Every structure is written in structure tokens, then in C-alpha cells.
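One file, my_file-v6.txt, is given below (compact mmCIF, C-alpha atoms).
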```
# COMPACT_ATOMS: atom_id res chain seq x y z
CA MET S 1146 45.15 -27.89 17.18
CA PHE S 1147 45.57 -24.14 17.68
CA LYS S 1148 45.45 -24.04 21.49
CA SER S 1149 49.22 -23.86 21.69
CA LEU S 1150 49.27 -20.45 19.99
CA ILE S 1151 49.08 -18.93 23.45
CA GLU S 1152 52.01 -20.93 24.81
CA LYS S 1153 54.63 -19.47 22.54
CA ASN S 1154 54.31 -15.74 23.21
CA GLU S 1155 57.67 -15.39 24.91
CA ARG S 1156 59.40 -16.92 21.87
CA ARG S 1157 57.60 -14.51 19.58
CA SER S 1158 58.74 -11.18 20.97
CA GLN S 1159 60.18 -10.15 17.59
CA LEU S 1160 56.94 -11.11 15.92
CA SER S 1161 54.89 -9.09 18.40
CA ILE S 1162 56.84 -5.96 17.43
CA MET S 1163 55.45 -6.36 13.92
CA ALA S 1164 51.92 -6.02 15.31
CA GLN S 1165 52.44 -3.78 18.32
CA TYR S 1166 49.30 -1.74 17.59
CA LEU S 1167 47.12 -4.73 16.70
CA ASN S 1168 44.18 -5.62 18.93
CA THR S 1169 41.75 -8.05 17.38
CA CYS S 1170 39.86 -11.30 17.76
CA PHE S 1171 39.69 -13.83 14.95
CA MET S 1172 38.40 -17.33 14.43
CA ILE S 1173 40.13 -20.34 12.94
CA SER S 1174 37.78 -23.08 11.83
CA THR S 1175 38.61 -26.65 10.85
CA VAL S 1176 34.91 -27.03 9.94
CA ASP S 1177 34.39 -29.46 12.86
CA ASP S 1178 36.28 -27.41 15.44
CA GLU S 1179 36.50 -23.69 16.06
CA TYR S 1180 39.08 -21.59 17.89
CA LEU S 1181 38.62 -17.96 18.96
CA ILE S 1182 41.95 -16.20 19.21
CA SER S 1183 42.41 -12.85 20.96
CA ILE S 1184 45.37 -10.61 20.21
CA GLU S 1185 46.41 -7.57 22.21
CA LYS S 1186 49.35 -5.43 21.14
CA GLY S 1187 50.56 -8.28 18.95
CA ASN S 1188 50.46 -10.89 21.71
CA VAL S 1189 48.07 -13.83 21.75
CA THR S 1190 46.21 -13.34 25.01
CA ASN S 1191 43.55 -16.01 24.76
CA VAL S 1192 42.67 -19.07 22.68
CA GLU S 1193 39.24 -20.51 23.31
CA GLU S 1194 38.12 -23.76 21.75
CA GLY S 1195 34.47 -24.15 20.68
CA PRO S 1196 31.75 -25.12 20.29
CA PHE S 1197 30.38 -21.59 20.61
CA VAL S 1198 26.79 -20.38 20.82
CA MET S 1199 27.27 -16.77 19.69
CA PRO S 1200 30.94 -16.24 18.84
CA SER S 1201 32.00 -12.69 18.09
CA TYR S 1202 35.07 -12.10 15.94
CA ILE S 1203 36.46 -9.75 13.31
CA PHE S 1204 37.50 -12.27 10.66
CA LYS S 1205 37.53 -16.01 10.16
CA LEU S 1206 39.84 -18.47 8.40
CA THR S 1207 38.22 -21.76 7.43
CA ALA S 1208 39.91 -24.87 6.06
CA SER S 1209 39.42 -28.58 6.66
CA LYS S 1210 41.39 -30.20 9.47
CA ASN S 1211 43.36 -32.13 6.87
CA GLU S 1212 44.38 -28.93 5.07
CA TRP S 1213 45.43 -27.27 8.35
CA LEU S 1214 47.48 -30.36 9.21
CA LYS S 1215 49.24 -30.12 5.87
CA PHE S 1216 49.94 -26.43 6.53
CA LEU S 1217 51.37 -27.25 9.93
CA GLN S 1218 53.95 -29.78 8.68
CA SER S 1219 57.54 -28.80 9.52
CA THR S 1220 58.25 -28.52 5.79
CA PRO S 1221 54.88 -28.20 4.11
CA GLN S 1222 54.36 -29.29 0.53
CA PRO S 1223 53.90 -26.75 -2.28
CA GLY S 1224 50.40 -25.29 -2.11
CA SER S 1225 50.11 -25.96 1.62
CA HIS S 1226 52.99 -23.74 2.74
CA ASP S 1227 51.14 -20.43 2.87
CA ILE S 1228 47.62 -19.21 3.58
CA ILE S 1229 47.43 -17.37 0.24
CA ALA S 1230 48.59 -20.57 -1.48
CA MET S 1231 45.66 -22.32 0.21
CA LEU S 1232 43.34 -19.51 -0.88
CA ARG S 1233 44.58 -20.00 -4.44
CA ARG S 1234 43.70 -23.72 -4.23
CA LYS S 1235 40.30 -22.74 -2.82
CA VAL S 1236 40.82 -24.89 0.29
CA LEU S 1237 40.91 -21.90 2.65
CA LYS S 1238 38.26 -19.22 2.97
CA PHE S 1239 38.79 -15.69 4.32
CA GLU S 1240 35.64 -14.07 5.74
CA GLY S 1241 34.70 -10.95 7.65
CA ASP S 1242 36.55 -7.65 8.01
CA LEU S 1243 39.93 -8.54 6.54
CA HIS S 1244 41.64 -5.26 7.41
CA PRO S 1245 43.48 -6.57 10.52
CA LEU S 1246 44.63 -9.62 8.55
CA MET S 1247 45.76 -7.84 5.40
CA SER S 1248 47.41 -4.94 7.22
CA HIS S 1249 49.41 -7.49 9.26
CA LEU S 1250 49.65 -10.22 6.65
CA LEU S 1251 53.23 -11.28 7.32
CA TYR S 1252 52.57 -11.26 11.07
CA PHE S 1253 49.63 -13.66 10.72
CA LYS S 1254 51.56 -15.91 8.33
CA LEU S 1255 54.46 -16.15 10.77
CA LEU S 1256 52.15 -16.50 13.77
CA LEU S 1257 50.48 -19.56 12.23
CA ALA S 1258 53.80 -20.92 10.97
CA SER S 1259 55.14 -20.72 14.54
CA LEU S 1260 53.03 -23.81 15.26
CA ARG S 1261 55.12 -25.90 12.87
CA PRO S 1262 57.47 -28.31 14.60
CA THR S 1263 61.07 -27.16 14.56
CA GLU S 1264 64.18 -28.47 16.28
CA SER S 1265 63.77 -25.91 19.08
CA ASN S 1266 60.03 -26.61 19.39
CA ARG S 1267 60.71 -30.33 19.72
CA GLU S 1268 63.17 -29.70 22.53
CA ASN S 1269 60.42 -28.14 24.60
CA MET B 1367 89.79 -3.50 6.56
CA LYS B 1368 89.73 -5.01 3.10
CA ILE B 1369 86.30 -5.02 1.47
CA GLU B 1370 84.95 -7.71 -0.79
CA LYS B 1371 84.26 -5.62 -3.88
CA GLU B 1372 81.72 -6.99 -6.35
CA PRO B 1373 82.26 -6.86 -10.13
CA ILE B 1374 79.00 -4.95 -10.70
CA THR B 1375 78.87 -1.49 -12.31
CA GLY B 1376 75.83 0.76 -11.85
CA ASN B 1377 74.77 3.25 -14.53
CA TYR B 1378 72.10 5.87 -15.15
CA GLY B 1379 70.94 6.89 -18.61
CA LYS B 1380 68.09 8.75 -20.29
CA PHE B 1381 66.08 6.56 -22.62
CA GLU B 1382 63.19 7.58 -24.84
CA ILE B 1383 60.28 5.20 -24.28
CA ASP B 1384 57.16 5.80 -26.36
CA GLY B 1385 58.34 9.36 -27.00
CA VAL B 1386 58.86 10.18 -23.32
CA LYS B 1387 62.29 10.61 -21.68
CA HIS B 1388 62.92 8.18 -18.84
CA ARG B 1389 65.85 8.12 -16.42
CA ILE B 1390 66.74 4.46 -16.10
CA TYR B 1391 69.17 2.71 -13.78
CA TRP B 1392 70.91 -0.50 -14.76
CA GLU B 1393 73.67 -2.72 -13.48
CA GLU B 1394 75.98 -4.95 -15.43
CA ALA B 1395 78.91 -7.31 -15.11
CA GLY B 1396 80.80 -9.74 -17.34
CA GLU B 1397 81.67 -9.90 -21.01
CA GLY B 1398 80.26 -11.77 -23.97
CA ILE B 1399 76.71 -12.52 -25.05
CA PRO B 1400 74.35 -9.86 -23.67
CA LEU B 1401 71.96 -11.39 -21.10
CA VAL B 1402 69.23 -8.89 -20.19
CA CYS B 1403 67.39 -9.84 -16.99
CA LEU B 1404 63.89 -8.66 -16.13
CA HIS B 1405 62.82 -8.40 -12.49
CA THR B 1406 59.42 -9.32 -11.05
CA ALA B 1407 56.40 -7.08 -10.40
CA GLY B 1408 56.90 -4.57 -7.61
CA SER B 1409 60.60 -5.30 -7.14
CA ASP B 1410 63.84 -4.25 -8.84
CA GLY B 1411 67.08 -5.48 -10.37
CA ARG B 1412 68.70 -6.41 -7.06
CA GLN B 1413 66.92 -9.73 -7.48
CA TYR B 1414 69.70 -10.72 -9.90
CA ARG B 1415 72.59 -9.94 -7.51
CA ALA B 1416 73.80 -13.55 -7.57
CA LEU B 1417 73.91 -13.75 -11.36
CA LEU B 1418 75.83 -10.48 -11.48
CA ASN B 1419 78.40 -12.09 -9.19
CA ASP B 1420 78.57 -15.55 -10.74
CA LYS B 1421 82.08 -15.99 -12.15
CA LYS B 1422 81.12 -18.87 -14.41
CA ILE B 1423 78.36 -16.88 -16.11
CA LEU B 1424 80.37 -13.64 -16.29
CA LYS B 1425 83.10 -15.35 -18.33
CA LYS B 1426 80.73 -15.83 -21.25
CA TYR B 1427 77.87 -13.44 -20.67
CA ARG B 1428 77.47 -9.70 -20.20
CA VAL B 1429 74.70 -9.74 -17.60
CA ILE B 1430 72.62 -6.56 -17.70
CA VAL B 1431 69.75 -5.77 -15.32
CA PHE B 1432 67.65 -2.63 -15.50
CA ASP B 1433 65.14 -1.30 -13.02
CA MET B 1434 61.82 -0.68 -14.77
CA PRO B 1435 60.52 2.91 -14.65
CA TRP B 1436 58.98 3.56 -11.19
CA HIS B 1437 61.06 0.73 -9.70
CA GLY B 1438 64.32 0.63 -7.76
CA LYS B 1439 66.59 3.51 -8.73
CA SER B 1440 64.80 4.32 -12.00
CA SER B 1441 62.64 7.44 -11.92
CA PRO B 1442 58.99 7.72 -12.78
CA PRO B 1443 58.49 9.54 -16.10
CA GLU B 1444 57.85 13.28 -16.01
CA ASN B 1445 54.44 14.54 -14.80
CA SER B 1446 53.69 11.28 -12.98
CA GLN B 1447 51.16 11.07 -10.15
CA VAL B 1448 50.95 8.57 -7.31
CA GLY B 1449 48.22 6.00 -7.87
CA HIS B 1450 48.08 6.35 -11.63
CA TYR B 1451 50.60 3.66 -12.53
CA LYS B 1452 49.38 0.73 -14.63
CA LEU B 1453 51.71 -1.48 -16.62
CA SER B 1454 50.37 -2.41 -20.04
CA THR B 1455 51.74 -5.02 -22.42
CA GLU B 1456 52.62 -2.34 -24.97
CA SER B 1457 54.48 -0.13 -22.52
CA TYR B 1458 56.36 -3.10 -21.06
CA ILE B 1459 57.51 -4.20 -24.54
CA SER B 1460 58.48 -0.60 -25.33
CA GLN B 1461 60.70 -0.25 -22.28
CA ILE B 1462 62.53 -3.51 -23.00
CA MET B 1463 63.06 -2.73 -26.68
CA SER B 1464 64.09 0.88 -25.92
CA PHE B 1465 66.61 -0.37 -23.38
CA ILE B 1466 68.06 -2.93 -25.79
CA ASP B 1467 68.21 -0.38 -28.64
CA GLY B 1468 69.65 2.28 -26.33
CA LEU B 1469 72.53 0.01 -25.33
CA GLU B 1470 72.88 -1.15 -28.95
CA LEU B 1471 72.67 -4.78 -27.93
CA VAL B 1472 72.66 -7.21 -30.84
CA LYS B 1473 70.70 -10.43 -30.47
CA PRO B 1474 70.70 -10.50 -26.67
CA VAL B 1475 69.34 -13.31 -24.57
CA VAL B 1476 66.45 -12.02 -22.45
CA MET B 1477 65.51 -13.74 -19.22
CA GLY B 1478 62.49 -12.60 -17.21
CA CYS B 1479 60.79 -13.79 -14.06
CA SER B 1480 57.05 -13.67 -13.31
CA ILE B 1481 55.83 -10.60 -15.26
CA GLY B 1482 59.19 -10.93 -16.97
CA GLY B 1483 58.43 -14.58 -17.63
CA ARG B 1484 55.16 -13.49 -19.23
CA ILE B 1485 56.59 -10.68 -21.36
CA ILE B 1486 59.22 -12.94 -22.93
CA LEU B 1487 56.28 -14.83 -24.42
CA HIS B 1488 55.03 -11.61 -26.01
CA LEU B 1489 58.58 -10.94 -27.28
CA ALA B 1490 58.66 -14.45 -28.74
CA ILE B 1491 55.39 -13.79 -30.57
CA HIS B 1492 56.28 -10.34 -31.95
CA PHE B 1493 60.09 -10.14 -32.31
CA PRO B 1494 61.59 -13.66 -32.36
CA GLU B 1495 64.31 -12.58 -34.81
CA LYS B 1496 65.67 -10.00 -32.38
CA PHE B 1497 66.82 -12.47 -29.71
CA LYS B 1498 69.38 -15.21 -29.49
CA ALA B 1499 67.18 -16.98 -26.93
CA LEU B 1500 64.46 -16.24 -24.39
CA ILE B 1501 64.32 -17.66 -20.87
CA GLY B 1502 61.10 -17.59 -18.87
CA LEU B 1503 61.20 -18.08 -15.12
CA GLN B 1504 57.82 -18.71 -13.54
CA SER B 1505 56.08 -18.30 -16.89
CA ALA B 1506 52.36 -18.78 -17.37
CA GLY B 1507 50.21 -17.66 -20.27
CA HIS B 1508 47.59 -16.10 -18.03
CA LEU B 1509 46.63 -15.77 -14.40
CA ASP B 1510 43.13 -15.56 -13.00
CA PRO B 1511 42.94 -13.27 -9.93
CA TYR B 1512 42.92 -15.32 -6.74
CA TYR B 1513 43.12 -12.55 -4.16
CA ASP B 1514 41.87 -8.98 -4.07
CA ILE B 1515 44.82 -6.87 -5.24
CA SER B 1516 43.19 -3.63 -4.03
CA TRP B 1517 44.79 -4.46 -0.65
CA LEU B 1518 48.17 -3.68 -2.21
CA HIS B 1519 47.43 0.03 -2.44
CA ARG B 1520 45.18 1.45 0.26
CA GLN B 1521 45.99 4.42 2.42
CA ASP B 1522 44.90 2.52 5.54
CA VAL B 1523 47.32 -0.36 4.91
CA HIS B 1524 51.10 0.06 4.77
CA GLY B 1525 51.99 -0.88 1.19
CA GLY B 1526 55.48 -2.12 2.05
CA GLU B 1527 54.17 -4.40 4.78
CA VAL B 1528 51.42 -5.99 2.70
CA CYS B 1529 53.52 -6.35 -0.46
CA GLY B 1530 56.29 -7.96 1.61
CA GLY B 1531 53.74 -10.30 3.17
CA ILE B 1532 52.44 -11.35 -0.23
CA ALA B 1533 55.96 -11.92 -1.62
CA TYR B 1534 57.08 -13.91 1.44
CA GLY B 1535 54.48 -16.62 0.89
CA LEU B 1536 55.47 -17.10 -2.73
CA MET B 1537 58.87 -18.38 -1.66
CA ALA B 1538 59.78 -21.93 -0.70
CA PRO B 1539 59.96 -22.71 3.03
CA THR B 1540 63.25 -24.44 2.21
CA SER B 1541 64.92 -21.33 0.76
CA PRO B 1542 67.59 -19.68 2.95
CA GLU B 1543 66.05 -17.16 5.36
CA ASN B 1544 68.59 -14.42 4.54
CA ASP B 1545 67.83 -14.55 0.84
CA LYS B 1546 64.10 -14.74 1.51
CA PHE B 1547 64.33 -11.71 3.75
CA GLU B 1548 66.26 -9.72 1.15
CA THR B 1549 63.74 -10.68 -1.53
CA MET B 1550 60.88 -9.58 0.71
CA TRP B 1551 62.75 -6.37 1.62
CA HIS B 1552 62.85 -5.32 -2.03
CA TYR B 1553 59.06 -5.60 -2.03
CA MET B 1554 58.82 -3.60 1.15
CA GLN B 1555 60.69 -0.76 -0.59
CA GLY B 1556 58.41 -0.45 -3.62
CA GLY B 1557 56.53 2.80 -4.26
CA PRO B 1558 52.81 3.13 -3.46
CA GLY B 1559 50.65 1.29 -5.99
CA ILE B 1560 53.56 0.02 -8.10
CA PHE B 1561 53.20 -3.70 -7.35
CA LYS B 1562 49.47 -3.41 -7.94
CA GLY B 1563 50.07 -1.46 -11.17
CA ASP B 1564 52.40 -4.21 -12.43
CA LEU B 1565 49.79 -6.83 -11.64
CA PHE B 1566 47.42 -5.11 -14.06
CA PHE B 1567 49.72 -6.51 -16.75
CA TYR B 1568 50.17 -9.86 -15.01
CA LYS B 1569 46.53 -10.60 -14.26
CA PHE B 1570 44.68 -8.75 -17.01
CA ASP B 1571 46.35 -6.94 -19.88
CA GLY B 1572 49.19 -9.38 -20.45
CA ASN B 1573 47.11 -12.56 -20.55
CA ILE B 1574 48.02 -14.29 -23.79
CA GLY B 1575 45.25 -16.78 -24.58
CA THR B 1576 45.35 -18.54 -27.92
CA GLU B 1577 48.07 -16.21 -29.28
CA ILE B 1578 50.52 -18.51 -27.58
CA LYS B 1579 50.16 -20.82 -30.58
CA LYS B 1580 51.98 -18.20 -32.67
CA ILE B 1581 55.23 -18.89 -30.86
CA ASN B 1582 57.68 -20.68 -33.13
CA ASN B 1583 60.52 -22.13 -31.10
CA SER B 1584 62.65 -22.70 -34.20
CA LYS B 1585 62.85 -18.93 -34.82
CA CYS B 1586 64.07 -18.25 -31.29
CA PRO B 1587 64.79 -20.95 -28.70
CA ILE B 1588 62.71 -20.64 -25.54
CA PHE B 1589 63.56 -22.14 -22.16
CA LEU B 1590 61.04 -22.34 -19.32
CA LEU B 1591 61.99 -22.99 -15.68
CA THR B 1592 59.55 -22.86 -12.76
CA GLY B 1593 59.99 -23.32 -9.02
CA GLU B 1594 57.86 -26.01 -7.42
CA TYR B 1595 56.64 -23.77 -4.56
CA ASP B 1596 55.22 -21.09 -6.82
CA TYR B 1597 51.45 -20.88 -6.54
CA SER B 1598 51.18 -17.80 -8.74
CA ALA B 1599 52.63 -19.37 -11.88
CA THR B 1600 52.53 -23.04 -10.98
CA PRO B 1601 54.70 -25.74 -12.58
CA GLU B 1602 51.49 -27.21 -14.01
CA GLU B 1603 50.72 -23.92 -15.78
CA THR B 1604 54.24 -23.68 -17.17
CA LYS B 1605 53.96 -27.30 -18.32
CA SER B 1606 50.75 -26.52 -20.17
CA LEU B 1607 52.47 -23.55 -21.80
CA ALA B 1608 55.50 -25.65 -22.74
CA ASP B 1609 53.26 -28.35 -24.24
CA THR B 1610 51.53 -25.75 -26.41
CA ILE B 1611 54.86 -24.38 -27.64
CA GLY B 1612 56.21 -27.90 -28.05
CA ILE B 1613 59.17 -27.67 -25.70
CA GLU B 1614 60.27 -29.19 -22.39
CA MET B 1615 60.05 -27.25 -19.14
CA VAL B 1616 62.20 -27.61 -16.06
CA LYS B 1617 60.58 -27.88 -12.64
CA MET B 1618 63.00 -26.53 -10.04
CA LYS B 1619 62.98 -28.24 -6.66
CA ASN B 1620 63.09 -26.26 -3.43
CA VAL B 1621 62.39 -22.83 -4.90
CA GLY B 1622 59.32 -20.69 -5.34
CA HIS B 1623 58.40 -17.60 -7.35
CA PHE B 1624 61.76 -15.79 -7.09
CA PRO B 1625 64.39 -18.48 -7.84
CA MET B 1626 67.27 -16.10 -8.67
CA SER B 1627 66.76 -14.12 -5.48
CA GLU B 1628 65.30 -16.46 -2.83
CA ASN B 1629 67.72 -19.34 -3.43
CA PRO B 1630 70.44 -18.36 -5.92
CA GLU B 1631 72.62 -21.38 -5.20
CA GLU B 1632 69.84 -23.80 -6.08
CA PHE B 1633 68.72 -21.73 -9.08
CA LEU B 1634 72.17 -21.52 -10.65
CA LYS B 1635 72.32 -25.32 -10.76
CA TYR B 1636 69.40 -25.16 -13.18
CA LEU B 1637 70.49 -22.04 -15.09
CA HIS B 1638 74.08 -23.01 -15.90
CA PRO B 1639 73.14 -25.87 -18.26
CA VAL B 1640 70.63 -23.61 -20.06
CA LEU B 1641 73.22 -20.88 -20.61
CA GLU B 1642 75.75 -23.45 -21.76
CA LYS B 1643 73.28 -24.77 -24.29
CA ILE B 1644 72.57 -21.26 -25.61
CA ASN B 1645 76.26 -20.48 -25.85
```

Full structure transcribed into C-alpha cells:
Amino acid sequence: MFKSLIEKNERRSQLSIMAQYLNTCFMISTVDDEYLISIEKGNVTNVEEGPFVMPSYIFKLTASKNEWLKFLQSTPQPGSHDIIAMLRRKVLKFEGDLHPLMSHLLYFKLLLASLRPTESNREN
Amino acid sequence: MKIEKEPITGNYGKFEIDGVKHRIYWEEAGEGIPLVCLHTAGSDGRQYRALLNDKKILKKYRVIVFDMPWHGKSSPPENSQVGHYKLSTESYISQIMSFIDGLELVKPVVMGCSIGGRIILHLAIHFPEKFKALIGLQSAGHLDPYYDISWLHRQDVHGGEVCGGIAYGLMAPTSPENDKFETMWHYMQGGPGIFKGDLFFYKFDGNIGTEIKKINNSKCPIFLLTGEYDYSATPEETKSLADTIGIEMVKMKNVGHFPMSENPEEFLKYLHPVLEKIN
């Protein structure tokens, strides 16, 4: 579900500028599946899919697979269009050291939104 | 090269608010019924740029938008210190009433969004006779905190970046990117701690509770419009408010928390009939 985050780096050069000093590792959980995502200088350098024995990460975002699928629609419905909207509905949980996330909030929102199908994404 | 000049005039003036002199900036355009517009928390009057340029509205309304103290081009009051700003219900009411009195506006219409959509409820409770009508955009009677607002003012997080990030998500994915970017940019330009200080009113001090039952729509007509993508003041919350007051609300498709700024074209479709009704 989130493996393709690493495939779109070249199309996210503008986005990487917004996080050019960011080096972190975070986890996205769909409850059943887990993804460890490494970021160096604003670029996604690795996405590893679980299961993990002893995963090490800075922060974690957890929502059900169904909620993530709703978020990833090309035009998501109200309440599913933003991670803070999901937090508000209590369907997404933020855990861990949230400093990298909150200090680069727009970057992470746009990074996750880059997985939504668009005309240009469909062409590729 | 010929420029496309807008009909907006900018002004500065000194207003006394709660006994303290404030240097306030406001913009206006049009002639007719005064329509005072209140911007959202942590932003400024530029949010109403489309209204100030809308020929249809300017024929019948004198649209007036002021930047709250500490916001936009308005100055902080004398002897202010960074980090000490907290908007209270009383001070918010005082600045609106001082502005209206200062400009000698008689029975204006007041339209506010978000914190502005909340304060018009307080105005309806305390001074219904002073207004021709009140319009609440993204109005809710109260808001329980759903994220930790201390992130909005920390020395180890860039305030402009985080406030912009918060504002971005409150907009509809269907709103035009240029208008969304401009709306977010206003948030990125706010002073340290100002958005957070405004939210003290929005999430704590300005919560209305059962006082909402004191609103009498026959003394001053109230109109409530809320964008469907707003998760801060949701359409459901506005509906509950409207039911308590005994009026209808309008749910606006394809807009979020900043209708007048994130998607003016869509918003004006909803606002024109309201202004026609008031007129």
C-alpha cells in the first residue's frame, strides 16, 4: 500500500526542498500491515514492509486499512482528506516523537497525498 | 503596460479598544449597506479579496475588512511582548464594536468565518439590535481540542510552516490550488504565537454552551453557511447550532474552512442569495 512511496522521488523534487534538512524513520501501520519509511534530506530512501521483530522508528501513524484507502482516493471524501481530519475523527493515531512530523507537517501531508491517483500518475 | 487596478482602498487609523490605542488597518470597497467581514484565526483580511472585488456585491454593499490587532498590517498594542497574546471573548467583542463605532457604521451586517463565525453568535446574544444581520461562516458553538495546539508556537518548530500545514488540511481537495496556496500563505505570514493565541478563544474562552438558547433570530436575522470539507467546524455542528436557534443552515459543497479565500467562485454562489435576502 505504501511501497510506492519510494518510486516517486524524482517527481517530488519540489517537495524534497521543503524537508531538505529532514532525516528520519517513521512507521505507517494499517493495523494488519506495517511499513517502515526512511527519509534522508527530504527524500524517501527506503520503504520496508513488515512484519518486523524489533522495528525502530521515531513516530508512527496508525489507521485501519479501510481508512487509509479512503485517504488515498483521488478525491477523498470530507473527513478522509487530511491526516488531521482523520485524527479529529479518532480513526488515526499519532505516536512517538512527533517533532519531525509537526515541524514538517505540510511535507508529510503532501508526501502521503502523492500516492493518490492523478491523471499523470495513471499515465505511468 | 496597463495594470488591472482593483477597487480596494487601504486605510490606517487609531482606535481606542478597552482604553488602549490600537493602530488598525482596514480595506474597503463598494457603496451601500456596510458589510464588515471578520477573518479567521491566525490570518488577516486578505482572505476577503474576492468579496472586495465582486462587482455585484459592491453595487449594494460597502464591504469593509479590518485586520485584527497583531494580524496582517495592524500593529500589536503598545507594550506588547511576543508569546503573551491570548484572544478573549471580551477583547474580541471590544475590537469589533470599537471598529464599528470608530467608522460610525449604523446597523452594519457582520460576517465572520471560523473564530469570526463564533463571535457573531456572541454578538447575536449581546447586541442583536446593533446589526442589520449576522452571517456565520463555519460557525460552531464550541470546539473540543483535537490536536495539541502547543505545536503552533515552539521555538524549535517554524511557526509559519506548521500553521500553514494546519490550514492547508482544512481546505477542500477540490478547491483551486492557487487560492489554497494564497490562503495557506497568509497563515505562513502570521506572527509567533498569534494563531495559537486566537485558538484560546476558539477552543476555550469563546465556547458558548447553553447561552446559545438566548439568540433570538427575530431581533436580528442570522445566516449560517458551512463548507462540507471543514473538520474544525463541521456541517453537523453548524446544523446542531442552527436547530437550536431555529433557522436553516447551508452546507456548501466543494469548500472547506476558508470558503471566501480557498474557493471564492464557489462561495459567492452561496453568498449572493443571502446578501440579496438581507438587502

Counting only C-alpha atoms, which residues of chain S sit at most 7 Å from some atom of chain B, and what is each one's closest atom pair with its distance in Å to one decimal, listed by chain and rising residue number, as a tab-separated table?
```
residue	atom	partner	partner_atom	distance
S:Thr1220	CA	B:Pro1539	CA	6.7
S:Pro1223	CA	B:Tyr1595	CA	4.6
S:Gly1224	CA	B:Tyr1597	CA	6.3
S:Asp1227	CA	B:Gly1535	CA	5.4
S:Ala1230	CA	B:Tyr1597	CA	5.8
S:Arg1233	CA	B:Tyr1512	CA	5.5
S:Met1247	CA	B:Val1528	CA	6.5
S:Ser1248	CA	B:Val1523	CA	5.1
S:Leu1250	CA	B:Gly1531	CA	5.4
S:Leu1251	CA	B:Gly1531	CA	4.3
```

For B:Lys1421, list every protein, DNA or RNA residue within 12 Å, evaluated using all atoms listed in the file, and leave out those in the same chain fewer than 2 positions away; present the list as a PyMOL selection string.
chain B and resi 1372-1374+1395-1397+1416-1419+1423-1429+1634+1638

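Nearest to S:Leu1243 of all the residues S:Thr1169, S:Leu1255, S:Glu1212, S:Ser1174 is S:Thr1169, counting all atoms listed in the file.
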
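Atom CA of S:Ile1229 is found 20.1 Å from atom CA of S:Met1146.
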
Close residues, B:Lys1585 itself excluded, 12 Å, only C-alpha atoms, min 3 positions apart in chain, as a PyMOL selection string:
chain B and resi 1489-1500+1580-1582+1588

For S:Leu1181, please output as a PyMOL selection string all residues within 7 Å (counting all atoms listed in the file; exclusion window: fewer than 3 positions along the same chain).
chain S and resi 1170-1173+1192-1194

So that I have them on file, write out the residues from the current selection with C-alpha atoms, as a PDB file, keeping the file's coordinate frame.
```pdb
ATOM      1  CA  CYS S1170      39.860 -11.300  17.760  1.00  0.00           C
ATOM      2  CA  PHE S1171      39.690 -13.830  14.950  1.00  0.00           C
ATOM      3  CA  MET S1172      38.400 -17.330  14.430  1.00  0.00           C
ATOM      4  CA  ILE S1173      40.130 -20.340  12.940  1.00  0.00           C
ATOM      5  CA  VAL S1192      42.670 -19.070  22.680  1.00  0.00           C
ATOM      6  CA  GLU S1193      39.240 -20.510  23.310  1.00  0.00           C
ATOM      7  CA  GLU S1194      38.120 -23.760  21.750  1.00  0.00           C
TER       8      GLU S1194
END
```

Just give me the gap between atom CA of B:Leu1401 and atom CA of B:Gly1559 in Å, one decimal is fine.
29.0 Å

What does the distance from atom CA of S:Leu1150 to atom CA of S:Val1189 come to in Å, to one decimal?
7.0 Å

For a cut-off of 10 Å around (60.4, 1.4, -25.4), file coordinates, pick out all residues using only C-alpha atoms and list them as a VMD selection string.
chain B and resid 1381 to 1386 1388 1456 to 1468

Please write the residues from the selection above to a file, keeping C-alpha atoms, as a CSV table (one decimal), in the frame of the given file.
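So again.csv came out as:
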```csv
chain,number,residue,atom,x,y,z
B,1381,PHE,CA,66.1,6.6,-22.6
B,1382,GLU,CA,63.2,7.6,-24.8
B,1383,ILE,CA,60.3,5.2,-24.3
B,1384,ASP,CA,57.2,5.8,-26.4
B,1385,GLY,CA,58.3,9.4,-27.0
B,1386,VAL,CA,58.9,10.2,-23.3
B,1388,HIS,CA,62.9,8.2,-18.8
B,1456,GLU,CA,52.6,-2.3,-25.0
B,1457,SER,CA,54.5,-0.1,-22.5
B,1458,TYR,CA,56.4,-3.1,-21.1
B,1459,ILE,CA,57.5,-4.2,-24.5
B,1460,SER,CA,58.5,-0.6,-25.3
B,1461,GLN,CA,60.7,-0.2,-22.3
B,1462,ILE,CA,62.5,-3.5,-23.0
B,1463,MET,CA,63.1,-2.7,-26.7
B,1464,SER,CA,64.1,0.9,-25.9
B,1465,PHE,CA,66.6,-0.4,-23.4
B,1466,ILE,CA,68.1,-2.9,-25.8
B,1467,ASP,CA,68.2,-0.4,-28.6
B,1468,GLY,CA,69.6,2.3,-26.3
```

Which residue out of B:Gly1398, B:Pro1625, B:Gly1507, B:Gly1379 has the minimum interatomic distance to B:Thr1576 when only C-alpha atoms are used?
B:Gly1507

Could you name the residues that touch B:Pro1601 at 9 Å or less, counting all atoms listed in the file, but leaving out those on the same chain fewer than 2 positions away, as a short mmCIF file (atom, residue, chain, number, x, y, z; two decimals) with C-alpha atoms, in the coordinates of the input?
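The resulting part-v5.cif:
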```
data_model
loop_
_atom_site.label_atom_id
_atom_site.label_comp_id
_atom_site.auth_asym_id
_atom_site.auth_seq_id
_atom_site.Cartn_x
_atom_site.Cartn_y
_atom_site.Cartn_z
CA GLN B 1504 57.82 -18.71 -13.54
CA SER B 1505 56.08 -18.30 -16.89
CA ALA B 1506 52.36 -18.78 -17.37
CA LEU B 1591 61.99 -22.99 -15.68
CA THR B 1592 59.55 -22.86 -12.76
CA GLY B 1593 59.99 -23.32 -9.02
CA GLU B 1594 57.86 -26.01 -7.42
CA TYR B 1595 56.64 -23.77 -4.56
CA ASP B 1596 55.22 -21.09 -6.82
CA TYR B 1597 51.45 -20.88 -6.54
CA ALA B 1599 52.63 -19.37 -11.88
CA GLU B 1603 50.72 -23.92 -15.78
CA THR B 1604 54.24 -23.68 -17.17
CA LYS B 1605 53.96 -27.30 -18.32
CA SER B 1606 50.75 -26.52 -20.17
CA MET B 1615 60.05 -27.25 -19.14
CA VAL B 1616 62.20 -27.61 -16.06
CA LYS B 1617 60.58 -27.88 -12.64
CA MET B 1618 63.00 -26.53 -10.04
#
```

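Compared by their closest atoms to S:Glu1179, and using all atoms listed in the file, the residues S:Ile1203, S:Phe1147, S:Leu1167, S:Gln1159 rank with S:Phe1147 nearest.
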
Neighbouring residues of stretch 1561-1568 of chain B were defined as those with any atom within 8 Å, considering all atoms listed in the file; residues of the same chain fewer than 5 positions away were excluded. Please report them as a VMD selection string.
chain B and resid 1407 to 1409 1451 to 1455 1481 1484 1508 to 1509 1515 to 1516 1518 to 1519 1529 1556 1573

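Residue nearest B:Leu1503 within the list B:Asn1377, B:Ser1446, B:Gln1521, B:Thr1406: B:Thr1406 [criterion: smallest interatomic distance, all atoms listed in the file].
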